[in-house]
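data_7.txt (compact mmCIF, C-alpha atoms)
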```
# COMPACT_ATOMS: atom_id res chain seq x y z
CA MET A 1 79.38 98.54 95.83
CA SER A 2 78.25 101.87 97.24
CA SER A 3 77.67 104.71 94.86
CA ARG A 4 80.34 106.67 96.78
CA VAL A 5 83.85 105.20 96.73
CA LEU A 6 87.14 106.61 98.00
CA TYR A 7 90.39 105.17 96.68
CA ASP A 8 92.50 105.16 99.81
CA LEU A 9 96.23 104.52 100.17
CA ALA A 10 96.89 101.21 101.95
CA ALA A 11 99.93 99.45 103.39
CA ALA A 12 100.67 95.78 102.76
CA ASP A 13 98.02 95.20 105.41
CA PRO A 14 94.92 96.55 103.66
CA ASP A 15 93.52 97.74 106.98
CA VAL A 16 96.41 100.18 107.46
CA ARG A 17 95.38 103.41 105.71
CA PHE A 18 98.05 106.04 106.13
CA SER A 19 97.77 108.85 103.58
CA PRO A 20 97.40 112.28 105.23
CA PHE A 21 95.44 113.52 102.22
CA CYS A 22 93.08 110.53 102.21
CA TRP A 23 92.44 111.03 105.93
CA ARG A 24 91.40 114.60 105.23
CA ILE A 25 88.74 113.30 102.88
CA ARG A 26 87.56 110.50 105.13
CA LEU A 27 86.91 113.11 107.82
CA ALA A 28 85.38 115.52 105.31
CA LEU A 29 82.96 112.84 104.11
CA ALA A 30 82.07 112.04 107.74
CA HIS A 31 81.61 115.78 108.43
CA LYS A 32 79.13 115.96 105.55
CA GLY A 33 77.36 112.87 106.86
CA LEU A 34 78.01 111.00 103.61
CA ALA A 35 78.31 107.23 103.65
CA PHE A 36 81.17 105.83 101.58
CA GLU A 37 83.23 102.77 100.97
CA THR A 38 86.97 102.74 100.58
CA VAL A 39 89.04 100.80 98.09
CA PRO A 40 92.54 100.00 99.33
CA TRP A 41 95.00 101.31 96.77
CA ARG A 42 98.74 100.77 96.50
CA LEU A 43 101.26 103.26 95.19
CA THR A 44 102.04 101.33 92.02
CA GLU A 45 98.43 100.69 91.07
CA LYS A 46 98.36 103.61 88.65
CA ALA A 47 96.14 101.71 86.22
CA ALA A 48 93.39 101.34 88.82
CA ILE A 49 92.88 105.12 89.01
CA ALA A 50 93.82 106.03 85.45
CA PHE A 51 90.13 106.82 84.84
CA SER A 52 90.54 109.83 87.18
CA GLY A 53 93.37 111.36 85.20
CA GLN A 54 95.50 111.29 88.38
CA LYS A 55 98.38 109.10 89.49
CA SER A 56 97.74 109.33 93.21
CA VAL A 57 94.96 109.21 95.76
CA PRO A 58 92.61 110.37 97.15
CA VAL A 59 90.24 109.80 94.25
CA LEU A 60 86.54 110.07 95.03
CA VAL A 61 83.88 108.53 92.82
CA ASP A 62 80.56 110.05 93.86
CA GLY A 63 77.88 108.56 91.63
CA GLU A 64 78.57 110.02 88.19
CA GLN A 65 81.30 112.37 89.47
CA THR A 66 84.99 111.55 89.73
CA VAL A 67 87.14 114.03 91.66
CA ALA A 68 90.85 113.75 92.50
CA ASP A 69 93.20 115.77 94.74
CA SER A 70 92.18 116.34 98.35
CA GLN A 71 91.62 120.08 98.07
CA ALA A 72 89.53 119.66 94.93
CA ILE A 73 87.52 116.91 96.63
CA ALA A 74 86.87 119.05 99.70
CA GLU A 75 85.74 121.96 97.49
CA TYR A 76 83.56 119.57 95.52
CA LEU A 77 81.90 118.20 98.67
CA GLU A 78 81.27 121.68 100.01
CA ALA A 79 79.62 122.76 96.75
CA ALA A 80 77.73 119.54 96.07
CA TYR A 81 76.31 119.16 99.60
CA PRO A 82 75.55 122.73 100.72
CA ASP A 83 72.86 121.67 103.18
CA ALA A 84 75.20 119.38 105.14
CA PRO A 85 77.49 120.88 107.81
CA SER A 86 80.02 123.19 106.21
CA LEU A 87 83.66 122.13 105.93
CA PHE A 88 84.91 125.69 105.57
CA GLY A 89 82.39 127.88 107.37
CA GLY A 90 82.11 131.36 105.91
CA PRO A 91 84.64 133.19 103.73
CA GLN A 92 86.69 134.39 106.72
CA THR A 93 86.90 130.90 108.14
CA ARG A 94 87.83 129.52 104.73
CA ALA A 95 90.67 132.04 104.49
CA LEU A 96 92.02 131.20 107.96
CA ILE A 97 91.84 127.48 107.20
CA GLN A 98 94.20 128.14 104.29
CA PHE A 99 96.77 129.42 106.76
CA VAL A 100 96.42 126.22 108.79
CA ARG A 101 96.70 124.18 105.58
CA ARG A 102 99.88 125.94 104.43
CA TRP A 103 101.39 125.56 107.89
CA CYS A 104 100.42 121.90 108.02
CA GLU A 105 101.90 121.09 104.64
CA GLY A 106 104.97 123.31 104.83
CA VAL A 107 105.90 122.76 108.48
CA LEU A 108 104.18 119.79 110.14
CA GLN A 109 104.11 117.41 107.19
CA ALA A 110 107.54 118.60 106.07
CA ALA A 111 108.86 117.74 109.54
CA LEU A 112 107.23 114.30 109.40
CA VAL A 113 108.57 113.32 105.97
CA PRO A 114 112.16 112.43 106.96
CA ILE A 115 110.93 110.67 110.10
CA LEU A 116 108.21 108.58 108.49
CA VAL A 117 109.57 107.75 105.04
CA PRO A 118 112.01 105.06 106.24
CA ASP A 119 109.26 103.49 108.36
CA ILE A 120 106.72 103.59 105.53
CA TYR A 121 109.07 101.57 103.34
CA HIS A 122 108.79 98.65 105.74
CA ILE A 123 104.99 98.56 105.93
CA ILE A 124 104.00 99.04 102.29
CA ALA A 125 103.24 96.22 99.89
CA PRO A 126 106.39 94.51 98.55
CA LYS A 127 105.38 95.43 95.02
CA ASP A 128 105.47 99.13 96.01
CA GLN A 129 108.88 99.10 97.70
CA ALA A 130 111.19 99.59 94.71
CA TYR A 131 109.07 102.47 93.38
CA PHE A 132 108.81 104.03 96.83
CA ARG A 133 112.55 103.82 97.49
CA GLU A 134 113.50 105.23 94.11
CA SER A 135 110.99 108.10 94.11
CA ARG A 136 111.58 109.16 97.74
CA GLU A 137 115.36 108.87 97.61
CA ALA A 138 115.37 111.01 94.45
CA ARG A 139 113.04 113.58 96.00
CA LEU A 140 114.88 113.78 99.32
CA GLY A 141 118.40 113.42 97.93
CA THR A 142 119.41 110.72 100.37
CA THR A 143 118.88 107.03 101.11
CA LEU A 144 116.18 105.54 103.32
CA GLU A 145 118.90 104.08 105.51
CA ALA A 146 120.60 107.45 105.96
CA LEU A 147 117.24 109.00 106.87
CA ALA A 148 116.55 106.28 109.43
CA ALA A 149 119.98 106.78 110.99
CA ALA A 150 119.36 110.53 111.27
CA ARG A 151 115.88 110.18 112.78
CA GLY A 152 116.92 111.93 115.98
CA ASP A 153 118.14 114.94 114.01
CA HIS A 154 114.67 115.43 112.55
CA MET A 155 112.71 115.23 115.80
CA PRO A 156 113.25 118.84 117.00
CA ALA A 157 111.41 120.28 113.98
CA LEU A 158 108.47 117.95 114.65
CA LEU A 159 108.40 118.81 118.34
CA ALA A 160 108.43 122.53 117.50
CA ALA A 161 105.48 122.08 115.13
CA LEU A 162 103.56 120.06 117.72
CA GLN A 163 104.10 122.84 120.24
CA THR A 164 102.01 125.26 118.17
CA LEU A 165 99.17 122.73 118.22
CA ARG A 166 99.56 122.04 121.93
CA VAL A 167 99.29 125.63 123.08
CA THR A 168 96.30 126.16 120.80
CA LEU A 169 94.45 123.00 121.85
CA LYS A 170 95.00 123.68 125.54
CA GLY A 171 92.53 126.54 125.12
CA GLN A 172 89.89 125.10 122.84
CA LYS A 173 88.31 121.76 121.94
CA PHE A 174 88.99 121.82 118.20
CA LEU A 175 90.97 124.08 115.86
CA GLY A 176 87.54 125.11 114.56
CA GLY A 177 86.21 125.78 118.08
CA GLU A 178 83.42 123.72 119.62
CA THR A 179 83.18 121.40 116.61
CA PRO A 180 85.75 120.32 114.01
CA LEU A 181 86.23 122.14 110.71
CA TYR A 182 88.35 121.24 107.69
CA ALA A 183 91.35 122.74 109.55
CA ASP A 184 90.98 119.88 112.02
CA HIS A 185 90.75 117.36 109.19
CA ILE A 186 93.93 118.68 107.60
CA VAL A 187 96.02 118.55 110.76
CA PHE A 188 94.49 115.26 111.90
CA GLY A 189 95.47 113.74 108.55
CA ALA A 190 99.10 114.71 109.04
CA LEU A 191 99.27 113.25 112.53
CA GLN A 192 97.31 110.13 111.65
CA TRP A 193 99.95 109.52 108.99
CA GLY A 194 102.44 109.45 111.86
CA VAL A 195 100.26 107.28 114.07
CA LYS A 196 99.77 104.72 111.30
CA THR A 197 103.36 104.47 110.10
CA SER A 198 105.88 105.52 112.76
CA SER A 199 107.99 102.73 114.23
CA THR A 200 108.01 104.58 117.56
CA PRO A 201 105.12 106.56 119.06
CA LEU A 202 105.39 110.26 118.24
CA LEU A 203 102.78 111.40 120.77
CA ALA A 204 102.25 110.40 124.40
CA ALA A 205 98.83 109.04 125.35
CA GLU A 206 98.17 112.01 127.64
CA ASP A 207 99.37 114.64 125.13
CA VAL A 208 96.68 117.24 124.46
CA VAL A 209 97.23 116.56 120.75
CA THR A 210 96.48 112.85 121.26
CA LEU A 211 93.34 113.74 123.20
CA TRP A 212 92.24 116.09 120.40
CA MET A 213 92.80 113.34 117.80
CA GLN A 214 90.60 111.03 119.84
CA ALA A 215 87.99 113.78 120.16
CA VAL A 216 87.96 114.16 116.37
CA LEU A 217 87.42 110.42 115.90
CA ASP A 218 84.78 110.35 118.64
CA TYR A 219 82.96 113.26 117.02
CA TYR A 220 82.50 111.38 113.76
CA GLY A 221 82.20 107.85 115.13
CA ASP A 222 81.62 105.26 112.43
CA GLY A 223 81.34 108.03 109.84
CA VAL A 224 85.05 107.90 109.00
CA GLY A 225 84.63 104.46 107.48
CA LYS A 226 86.60 101.30 107.91
CA MET B 1 93.43 164.85 125.44
CA SER B 2 91.09 162.40 123.80
CA SER B 3 88.92 160.23 125.97
CA ARG B 4 90.63 157.20 124.38
CA VAL B 5 94.36 156.87 125.00
CA LEU B 6 96.79 154.07 124.17
CA TYR B 7 100.10 153.90 126.00
CA ASP B 8 102.41 152.82 123.20
CA LEU B 9 106.02 151.65 123.43
CA ALA B 10 108.39 154.22 121.90
CA ALA B 11 112.06 154.32 120.98
CA ALA B 12 114.33 157.24 121.84
CA ASP B 13 112.66 158.89 118.85
CA PRO B 14 109.07 159.18 120.09
CA ASP B 15 107.77 158.66 116.56
CA VAL B 16 109.24 155.16 116.42
CA ARG B 17 106.61 152.83 117.88
CA PHE B 18 107.79 149.24 117.74
CA SER B 19 105.87 146.98 120.12
CA PRO B 20 104.21 144.03 118.31
CA PHE B 21 101.49 143.95 120.96
CA CYS B 22 100.80 147.69 120.74
CA TRP B 23 100.55 147.43 116.95
CA ARG B 24 97.88 144.76 117.35
CA ILE B 25 95.81 147.22 119.34
CA ARG B 26 96.40 150.18 117.04
CA LEU B 27 95.02 148.07 114.20
CA ALA B 28 92.21 146.72 116.37
CA LEU B 29 91.14 150.25 117.29
CA ALA B 30 91.25 151.25 113.62
CA HIS B 31 89.24 148.13 112.74
CA LYS B 32 86.56 149.21 115.20
CA GLY B 33 86.63 152.71 113.75
CA LEU B 34 87.57 154.19 117.14
CA ALA B 35 89.58 157.39 117.28
CA PHE B 36 92.43 157.38 119.79
CA GLU B 37 95.57 159.16 120.80
CA THR B 38 98.80 157.48 121.73
CA VAL B 39 101.15 158.34 124.58
CA PRO B 40 104.76 157.39 123.88
CA TRP B 41 105.94 155.18 126.72
CA ARG B 42 109.42 153.95 127.56
CA LEU B 43 110.28 150.62 129.13
CA THR B 44 111.40 152.09 132.46
CA GLU B 45 108.39 154.36 132.88
CA LYS B 46 106.61 151.88 135.14
CA ALA B 47 105.20 154.67 137.30
CA ALA B 48 103.34 156.19 134.35
CA ILE B 49 101.19 153.06 133.93
CA ALA B 50 101.07 151.95 137.57
CA PHE B 51 97.39 152.98 137.61
CA SER B 52 96.69 150.05 135.23
CA GLY B 53 98.17 147.44 137.55
CA GLN B 54 100.53 146.42 134.73
CA LYS B 55 104.22 146.98 134.13
CA SER B 56 104.10 146.93 130.35
CA VAL B 57 102.09 148.23 127.42
CA PRO B 58 99.71 148.25 125.67
CA VAL B 59 97.47 149.93 128.21
CA LEU B 60 94.24 151.38 126.89
CA VAL B 61 92.28 154.04 128.73
CA ASP B 62 88.83 154.20 127.19
CA GLY B 63 86.85 156.84 129.04
CA GLU B 64 86.28 155.33 132.49
CA GLN B 65 87.76 151.96 131.54
CA THR B 66 91.42 150.96 131.85
CA VAL B 67 92.43 147.71 130.17
CA ALA B 68 95.92 146.23 129.89
CA ASP B 69 97.36 143.25 127.95
CA SER B 70 96.77 143.10 124.21
CA GLN B 71 94.51 140.04 124.26
CA ALA B 72 92.40 141.50 127.08
CA ILE B 73 92.17 144.81 125.21
CA ALA B 74 91.05 143.08 122.00
CA GLU B 75 88.41 141.12 123.91
CA TYR B 76 87.30 144.31 125.63
CA LEU B 77 86.95 146.18 122.33
CA GLU B 78 84.99 143.33 120.78
CA ALA B 79 82.57 143.25 123.73
CA ALA B 80 82.29 147.01 124.24
CA TYR B 81 81.74 147.87 120.55
CA PRO B 82 79.60 145.03 119.21
CA ASP B 83 78.09 147.12 116.42
CA ALA B 84 81.47 148.01 114.92
CA PRO B 85 83.18 145.52 112.56
CA SER B 86 84.10 142.36 114.42
CA LEU B 87 87.75 141.63 115.26
CA PHE B 88 87.13 137.91 115.68
CA GLY B 89 84.17 137.08 113.45
CA GLY B 90 82.11 134.18 114.73
CA PRO B 91 83.17 131.46 117.19
CA GLN B 92 84.84 129.34 114.49
CA THR B 93 86.85 132.29 113.23
CA ARG B 94 87.80 133.20 116.79
CA ALA B 95 89.09 129.67 117.35
CA LEU B 96 91.16 129.66 114.15
CA ILE B 97 92.61 133.08 115.01
CA GLN B 98 93.94 131.52 118.21
CA PHE B 99 95.97 129.10 116.09
CA VAL B 100 97.44 132.03 114.16
CA ARG B 101 98.17 133.81 117.44
CA ARG B 102 99.95 130.82 118.97
CA TRP B 103 101.96 130.35 115.78
CA CYS B 104 102.81 134.05 115.65
CA GLU B 105 103.99 134.19 119.24
CA GLY B 106 105.68 130.79 119.42
CA VAL B 107 107.27 130.72 115.97
CA LEU B 108 107.38 134.07 114.18
CA GLN B 109 108.01 136.34 117.17
CA ALA B 110 110.29 133.74 118.74
CA ALA B 111 112.35 133.77 115.53
CA LEU B 112 112.48 137.58 115.56
CA VAL B 113 113.61 137.95 119.19
CA PRO B 114 117.30 137.05 118.76
CA ILE B 115 117.50 139.05 115.53
CA LEU B 116 115.86 142.22 116.82
CA VAL B 117 116.91 142.44 120.45
CA PRO B 118 120.48 143.67 119.73
CA ASP B 119 119.11 146.25 117.29
CA ILE B 120 116.42 147.45 119.70
CA TYR B 121 119.09 148.22 122.29
CA HIS B 122 120.55 150.86 119.97
CA ILE B 123 117.29 152.69 119.24
CA ILE B 124 115.65 152.85 122.67
CA ALA B 125 115.96 155.79 125.04
CA PRO B 126 119.31 155.88 126.88
CA LYS B 127 117.48 155.66 130.21
CA ASP B 128 116.00 152.31 129.09
CA GLN B 129 119.23 150.70 127.92
CA ALA B 130 120.59 149.30 131.18
CA TYR B 131 117.21 147.78 132.09
CA PHE B 132 116.77 146.39 128.59
CA ARG B 133 120.24 144.82 128.50
CA GLU B 134 119.91 143.27 131.93
CA SER B 135 116.40 141.87 131.46
CA ARG B 136 116.95 140.54 127.93
CA GLU B 137 120.38 139.05 128.62
CA ALA B 138 118.92 137.26 131.66
CA ARG B 139 115.93 136.01 129.68
CA LEU B 140 117.93 134.86 126.67
CA GLY B 141 120.97 133.61 128.57
CA THR B 142 123.46 135.45 126.40
CA THR B 143 124.82 138.93 125.73
CA LEU B 144 123.46 141.42 123.20
CA GLU B 145 126.83 141.39 121.49
CA ALA B 146 126.83 137.59 121.17
CA LEU B 147 123.31 137.73 119.72
CA ALA B 148 124.34 140.36 117.20
CA ALA B 149 127.34 138.29 116.14
CA ALA B 150 125.10 135.25 115.63
CA ARG B 151 122.45 137.12 113.63
CA GLY B 152 123.00 134.97 110.56
CA ASP B 153 122.40 131.81 112.56
CA HIS B 154 118.93 133.02 113.48
CA MET B 155 117.78 133.98 110.00
CA PRO B 156 116.76 130.50 108.75
CA ALA B 157 114.04 130.18 111.41
CA LEU B 158 112.65 133.56 110.40
CA LEU B 159 112.74 132.71 106.72
CA ALA B 160 110.91 129.44 107.42
CA ALA B 161 108.20 131.27 109.35
CA LEU B 162 107.83 133.85 106.59
CA GLN B 163 107.38 131.07 104.07
CA THR B 164 104.14 129.96 105.73
CA LEU B 165 102.83 133.50 105.35
CA ARG B 166 104.03 133.81 101.77
CA VAL B 167 102.30 130.72 100.47
CA THR B 168 99.10 131.70 102.25
CA LEU B 169 99.11 135.32 101.07
CA LYS B 170 99.80 134.32 97.48
CA GLY B 171 96.27 132.94 97.43
CA GLN B 172 94.28 135.53 99.35
CA LYS B 173 94.32 139.24 100.11
CA PHE B 174 94.34 139.01 103.92
CA LEU B 175 94.68 136.18 106.43
CA GLY B 176 91.02 136.89 107.19
CA GLY B 177 90.06 136.79 103.49
CA GLU B 178 88.79 139.84 101.63
CA THR B 179 89.21 142.13 104.66
CA PRO B 180 91.57 141.99 107.66
CA LEU B 181 90.67 140.26 110.91
CA TYR B 182 92.50 140.20 114.24
CA ALA B 183 94.71 137.43 112.79
CA ASP B 184 96.08 140.03 110.39
CA HIS B 185 96.61 142.48 113.25
CA ILE B 186 98.56 139.89 115.24
CA VAL B 187 100.91 138.93 112.42
CA PHE B 188 101.26 142.52 111.20
CA GLY B 189 102.34 143.53 114.69
CA ALA B 190 105.13 140.97 114.71
CA LEU B 191 106.46 142.06 111.34
CA GLN B 192 106.05 145.77 112.04
CA TRP B 193 108.26 145.18 115.08
CA GLY B 194 110.89 143.99 112.61
CA VAL B 195 110.31 146.86 110.18
CA LYS B 196 110.65 149.43 112.94
CA THR B 197 113.74 148.04 114.65
CA SER B 198 115.84 145.84 112.37
CA SER B 199 119.19 147.29 111.32
CA THR B 200 118.85 145.53 107.96
CA PRO B 201 115.61 145.07 105.98
CA LEU B 202 114.03 141.69 106.69
CA LEU B 203 111.58 141.79 103.77
CA ALA B 204 112.11 142.79 100.15
CA ALA B 205 109.89 145.54 98.76
CA GLU B 206 108.28 143.13 96.30
CA ASP B 207 107.75 140.34 98.87
CA VAL B 208 104.10 139.30 99.03
CA VAL B 209 104.34 139.78 102.79
CA THR B 210 105.47 143.40 102.32
CA LEU B 211 102.59 143.99 99.91
CA TRP B 212 100.16 142.51 102.42
CA MET B 213 101.52 144.78 105.19
CA GLN B 214 100.96 147.78 102.93
CA ALA B 215 97.45 146.54 102.13
CA VAL B 216 96.70 146.35 105.87
CA LEU B 217 97.88 149.93 106.38
CA ASP B 218 96.00 151.11 103.30
CA TYR B 219 92.83 149.42 104.52
CA TYR B 220 92.82 151.43 107.75
CA GLY B 221 94.39 154.63 106.47
CA ASP B 222 94.68 157.30 109.17
CA GLY B 223 92.77 155.07 111.58
CA VAL B 224 95.96 153.50 112.95
CA GLY B 225 96.95 156.81 114.52
CA LYS B 226 100.21 158.69 114.50
```

Let me see the file written as structure tokens.
Amino acid sequence: MSSRVLYDLAAADPDVRFSPFCWRIRLALAHKGLAFETVPWRLTEKAAIAFSGQKSVPVLVDGEQTVADSQAIAEYLEAAYPDAPSLFGGPQTRALIQFVRRWCEGVLQAALVPILVPDIYHIIAPKDQAYFRESREARLGTTLEALAAARGDHMPALLAALQTLRVTLKGQKFLGGETPLYADHIVFGALQWGVKTSSTPLLAAEDVVTLWMQAVLDYYGDGVGK
Amino acid sequence: MSSRVLYDLAAADPDVRFSPFCWRIRLALAHKGLAFETVPWRLTEKAAIAFSGQKSVPVLVDGEQTVADSQAIAEYLEAAYPDAPSLFGGPQTRALIQFVRRWCEGVLQAALVPILVPDIYHIIAPKDQAYFRESREARLGTTLEALAAARGDHMPALLAALQTLRVTLKGQKFLGGETPLYADHIVFGALQWGVKTSSTPLLAAEDVVTLWMQAVLDYYGDGVGK
């Protein structure tokens, strides 16, 4: 096994990797030009990552170093590989990326949660389903079936969030300008979560947001791993 | 009169300057360390700015140069005064500021419009009121009175937008980091519009967003003009 391993959330199909936070790190590793392998990890496999002190992924094992939590991993990569392309740019860029991060987590991902959670239930490993149902229904205060039935009610908030991205990306190639920055990784992760789990497509093929997602993947090529 | 003049939207009281786009430019001028005077301008005074080719403010007259439209003025200032502190930072920062701008205009200002428009009607010059009512009622497809009655319905969208700012500003001094950038000017302008026109306070004194607004004003001191 490689000396650099990312524990990466997987569906029942181990090739379906859908965690928004793991996608951030896959892109961040590619951005730094760092080769890595992924280990498919399921939600109930707490024992497999107990060594990290965390109960969820991403967990990165980089040689002797173990780092968990996507933000901590990104900060670690930036500090440990200063000569590779910067994830954050300078201090001003780093500050502005925090705005994008807070928007992504508080608005875009928050809008995706009620839409995706019922769909995720159907693609995860059977052994994860009881845990997933119980934890998500408790957190959201409703049942998966009620969420699925109300899917249409949750679409306007998602469409509003996408609109902010659309008008921005009509005027520039990446959120970071001519090349992607960690802001792109953050937002890509959220939308890739939707691409990988939604039972109906959330973005049209010709949507400027879809084209940007493809441009991000094209930029890194094989670097994002399998 | 100074060789640098900003036509600035004013209420009936000429000391009340409430345009979000004019506030961007007042802060941008202060950021560049450029002294300027303002000319109070009312919405129906189209003839007074006809020389600019525009029908609305901000209009900046900088010596021989006349520039209208806030984004064009900011770009002009950045290009014309390259040795003064940068409004946009480098190309990555400039790109990320565009995201903040699109969010501010499409989400924050859009949330403020139905809340503020009925209040603005009551503070503008009497000669502006008929024009304001007609143009805004046509644009919004409703009456000022209906908007005022539905004020409470529009507050959740504003509170949601403010939340993105709050979580960001809890972790950093300015949107641009240790010092303000044009992203701060843009968002400040939107909220100053609310401060100057809302019939009820939209932000608590101890709100992190209020503290950030004060920090922006403190940073520039008298530079923002009267």

Test item: chain A residues at most 12 Å from chain B, counting only C-alpha atoms, as a PDB file with C-alpha atoms, in the coordinates of the input:
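Done, and the output landed in result.pdb:
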```pdb
ATOM      1  CA  SER A  86      80.020 123.190 106.210  1.00  0.00           C
ATOM      2  CA  LEU A  87      83.660 122.130 105.930  1.00  0.00           C
ATOM      3  CA  PHE A  88      84.910 125.690 105.570  1.00  0.00           C
ATOM      4  CA  GLY A  89      82.390 127.880 107.370  1.00  0.00           C
ATOM      5  CA  GLY A  90      82.110 131.360 105.910  1.00  0.00           C
ATOM      6  CA  PRO A  91      84.640 133.190 103.730  1.00  0.00           C
ATOM      7  CA  GLN A  92      86.690 134.390 106.720  1.00  0.00           C
ATOM      8  CA  THR A  93      86.900 130.900 108.140  1.00  0.00           C
ATOM      9  CA  ARG A  94      87.830 129.520 104.730  1.00  0.00           C
ATOM     10  CA  ALA A  95      90.670 132.040 104.490  1.00  0.00           C
ATOM     11  CA  LEU A  96      92.020 131.200 107.960  1.00  0.00           C
ATOM     12  CA  ILE A  97      91.840 127.480 107.200  1.00  0.00           C
ATOM     13  CA  GLN A  98      94.200 128.140 104.290  1.00  0.00           C
ATOM     14  CA  PHE A  99      96.770 129.420 106.760  1.00  0.00           C
ATOM     15  CA  VAL A 100      96.420 126.220 108.790  1.00  0.00           C
ATOM     16  CA  ARG A 101      96.700 124.180 105.580  1.00  0.00           C
ATOM     17  CA  ARG A 102      99.880 125.940 104.430  1.00  0.00           C
ATOM     18  CA  TRP A 103     101.390 125.560 107.890  1.00  0.00           C
ATOM     19  CA  CYS A 104     100.420 121.900 108.020  1.00  0.00           C
ATOM     20  CA  GLU A 105     101.900 121.090 104.640  1.00  0.00           C
ATOM     21  CA  GLY A 106     104.970 123.310 104.830  1.00  0.00           C
ATOM     22  CA  VAL A 107     105.900 122.760 108.480  1.00  0.00           C
ATOM     23  CA  LEU A 108     104.180 119.790 110.140  1.00  0.00           C
ATOM     24  CA  ALA A 110     107.540 118.600 106.070  1.00  0.00           C
ATOM     25  CA  ALA A 157     111.410 120.280 113.980  1.00  0.00           C
ATOM     26  CA  ALA A 160     108.430 122.530 117.500  1.00  0.00           C
ATOM     27  CA  ALA A 161     105.480 122.080 115.130  1.00  0.00           C
ATOM     28  CA  LEU A 162     103.560 120.060 117.720  1.00  0.00           C
ATOM     29  CA  GLN A 163     104.100 122.840 120.240  1.00  0.00           C
ATOM     30  CA  THR A 164     102.010 125.260 118.170  1.00  0.00           C
ATOM     31  CA  LEU A 165      99.170 122.730 118.220  1.00  0.00           C
ATOM     32  CA  ARG A 166      99.560 122.040 121.930  1.00  0.00           C
ATOM     33  CA  VAL A 167      99.290 125.630 123.080  1.00  0.00           C
ATOM     34  CA  THR A 168      96.300 126.160 120.800  1.00  0.00           C
ATOM     35  CA  LEU A 169      94.450 123.000 121.850  1.00  0.00           C
ATOM     36  CA  LYS A 170      95.000 123.680 125.540  1.00  0.00           C
ATOM     37  CA  GLY A 171      92.530 126.540 125.120  1.00  0.00           C
ATOM     38  CA  GLN A 172      89.890 125.100 122.840  1.00  0.00           C
ATOM     39  CA  LYS A 173      88.310 121.760 121.940  1.00  0.00           C
ATOM     40  CA  PHE A 174      88.990 121.820 118.200  1.00  0.00           C
ATOM     41  CA  LEU A 175      90.970 124.080 115.860  1.00  0.00           C
ATOM     42  CA  GLY A 176      87.540 125.110 114.560  1.00  0.00           C
ATOM     43  CA  GLY A 177      86.210 125.780 118.080  1.00  0.00           C
ATOM     44  CA  GLU A 178      83.420 123.720 119.620  1.00  0.00           C
ATOM     45  CA  THR A 179      83.180 121.400 116.610  1.00  0.00           C
ATOM     46  CA  PRO A 180      85.750 120.320 114.010  1.00  0.00           C
ATOM     47  CA  LEU A 181      86.230 122.140 110.710  1.00  0.00           C
ATOM     48  CA  TYR A 182      88.350 121.240 107.690  1.00  0.00           C
ATOM     49  CA  ALA A 183      91.350 122.740 109.550  1.00  0.00           C
ATOM     50  CA  ASP A 184      90.980 119.880 112.020  1.00  0.00           C
ATOM     51  CA  VAL A 187      96.020 118.550 110.760  1.00  0.00           C
TER      52      VAL A 187
END
```

Work out how far apart atom CA of A:Asp69 and atom CA of A:Leu203 are and give it in Å to one decimal.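 Between these atoms lies a distance of 28.1 Å.
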
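Comparing the minimum interatomic distances between B:Ser3 and each of B:Ala30, B:Ala35, B:Ala204, B:Val67, counting all atoms listed in the file, we find that B:Ala35 sits nearest.
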
I want to know what sits within 12 Å of B:Gly221, based on only C-alpha atoms, with residues of the same chain fewer than 3 positions away left out; could you give that as a compact mmCIF listing (two decimals) with C-alpha atoms, keeping the file's coordinate frame?
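Result file selection_24.txt:
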```
# COMPACT_ATOMS: atom_id res chain seq x y z
CA ARG B 26 96.40 150.18 117.04
CA LEU B 27 95.02 148.07 114.20
CA ALA B 30 91.25 151.25 113.62
CA HIS B 31 89.24 148.13 112.74
CA GLY B 33 86.63 152.71 113.75
CA GLN B 214 100.96 147.78 102.93
CA ALA B 215 97.45 146.54 102.13
CA VAL B 216 96.70 146.35 105.87
CA LEU B 217 97.88 149.93 106.38
CA ASP B 218 96.00 151.11 103.30
CA VAL B 224 95.96 153.50 112.95
CA GLY B 225 96.95 156.81 114.52
CA LYS B 226 100.21 158.69 114.50
```

Quick one: of A:Gly63, A:Ala148, A:Thr143, A:Val5, who's nearest to A:Ile25, counting all atoms listed in the file?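 Between A:Gly63, A:Ala148, A:Thr143, A:Val5, the residue approaching A:Ile25 most closely is A:Val5.
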
Point-to-point distance in Å for atom CA of B:Asp15 and atom CA of B:Gln192: 13.8 Å

If you count only C-alpha atoms, which residues fall within 9 Å of stretch 195-202 of chain B, apart from same-chain ones fewer than 2 positions away, as a list in words?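 My list of contacting residues is Val16, Arg17, Phe18, Ser19, Ile115, Leu116, Val117, Pro118, Asp119, Ile120, Ile123, Leu191, Gln192, Trp193 and Ala204 of chain B.
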
Only C-alpha atoms, please: the residues just picked out, written as a compact mmCIF listing (two decimals), in the coordinates of the input.
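Once everything was written out, this is result-v9.txt:
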```txt
# COMPACT_ATOMS: atom_id res chain seq x y z
CA VAL B 16 109.24 155.16 116.42
CA ARG B 17 106.61 152.83 117.88
CA PHE B 18 107.79 149.24 117.74
CA SER B 19 105.87 146.98 120.12
CA ILE B 115 117.50 139.05 115.53
CA LEU B 116 115.86 142.22 116.82
CA VAL B 117 116.91 142.44 120.45
CA PRO B 118 120.48 143.67 119.73
CA ASP B 119 119.11 146.25 117.29
CA ILE B 120 116.42 147.45 119.70
CA ILE B 123 117.29 152.69 119.24
CA LEU B 191 106.46 142.06 111.34
CA GLN B 192 106.05 145.77 112.04
CA TRP B 193 108.26 145.18 115.08
CA ALA B 204 112.11 142.79 100.15
```
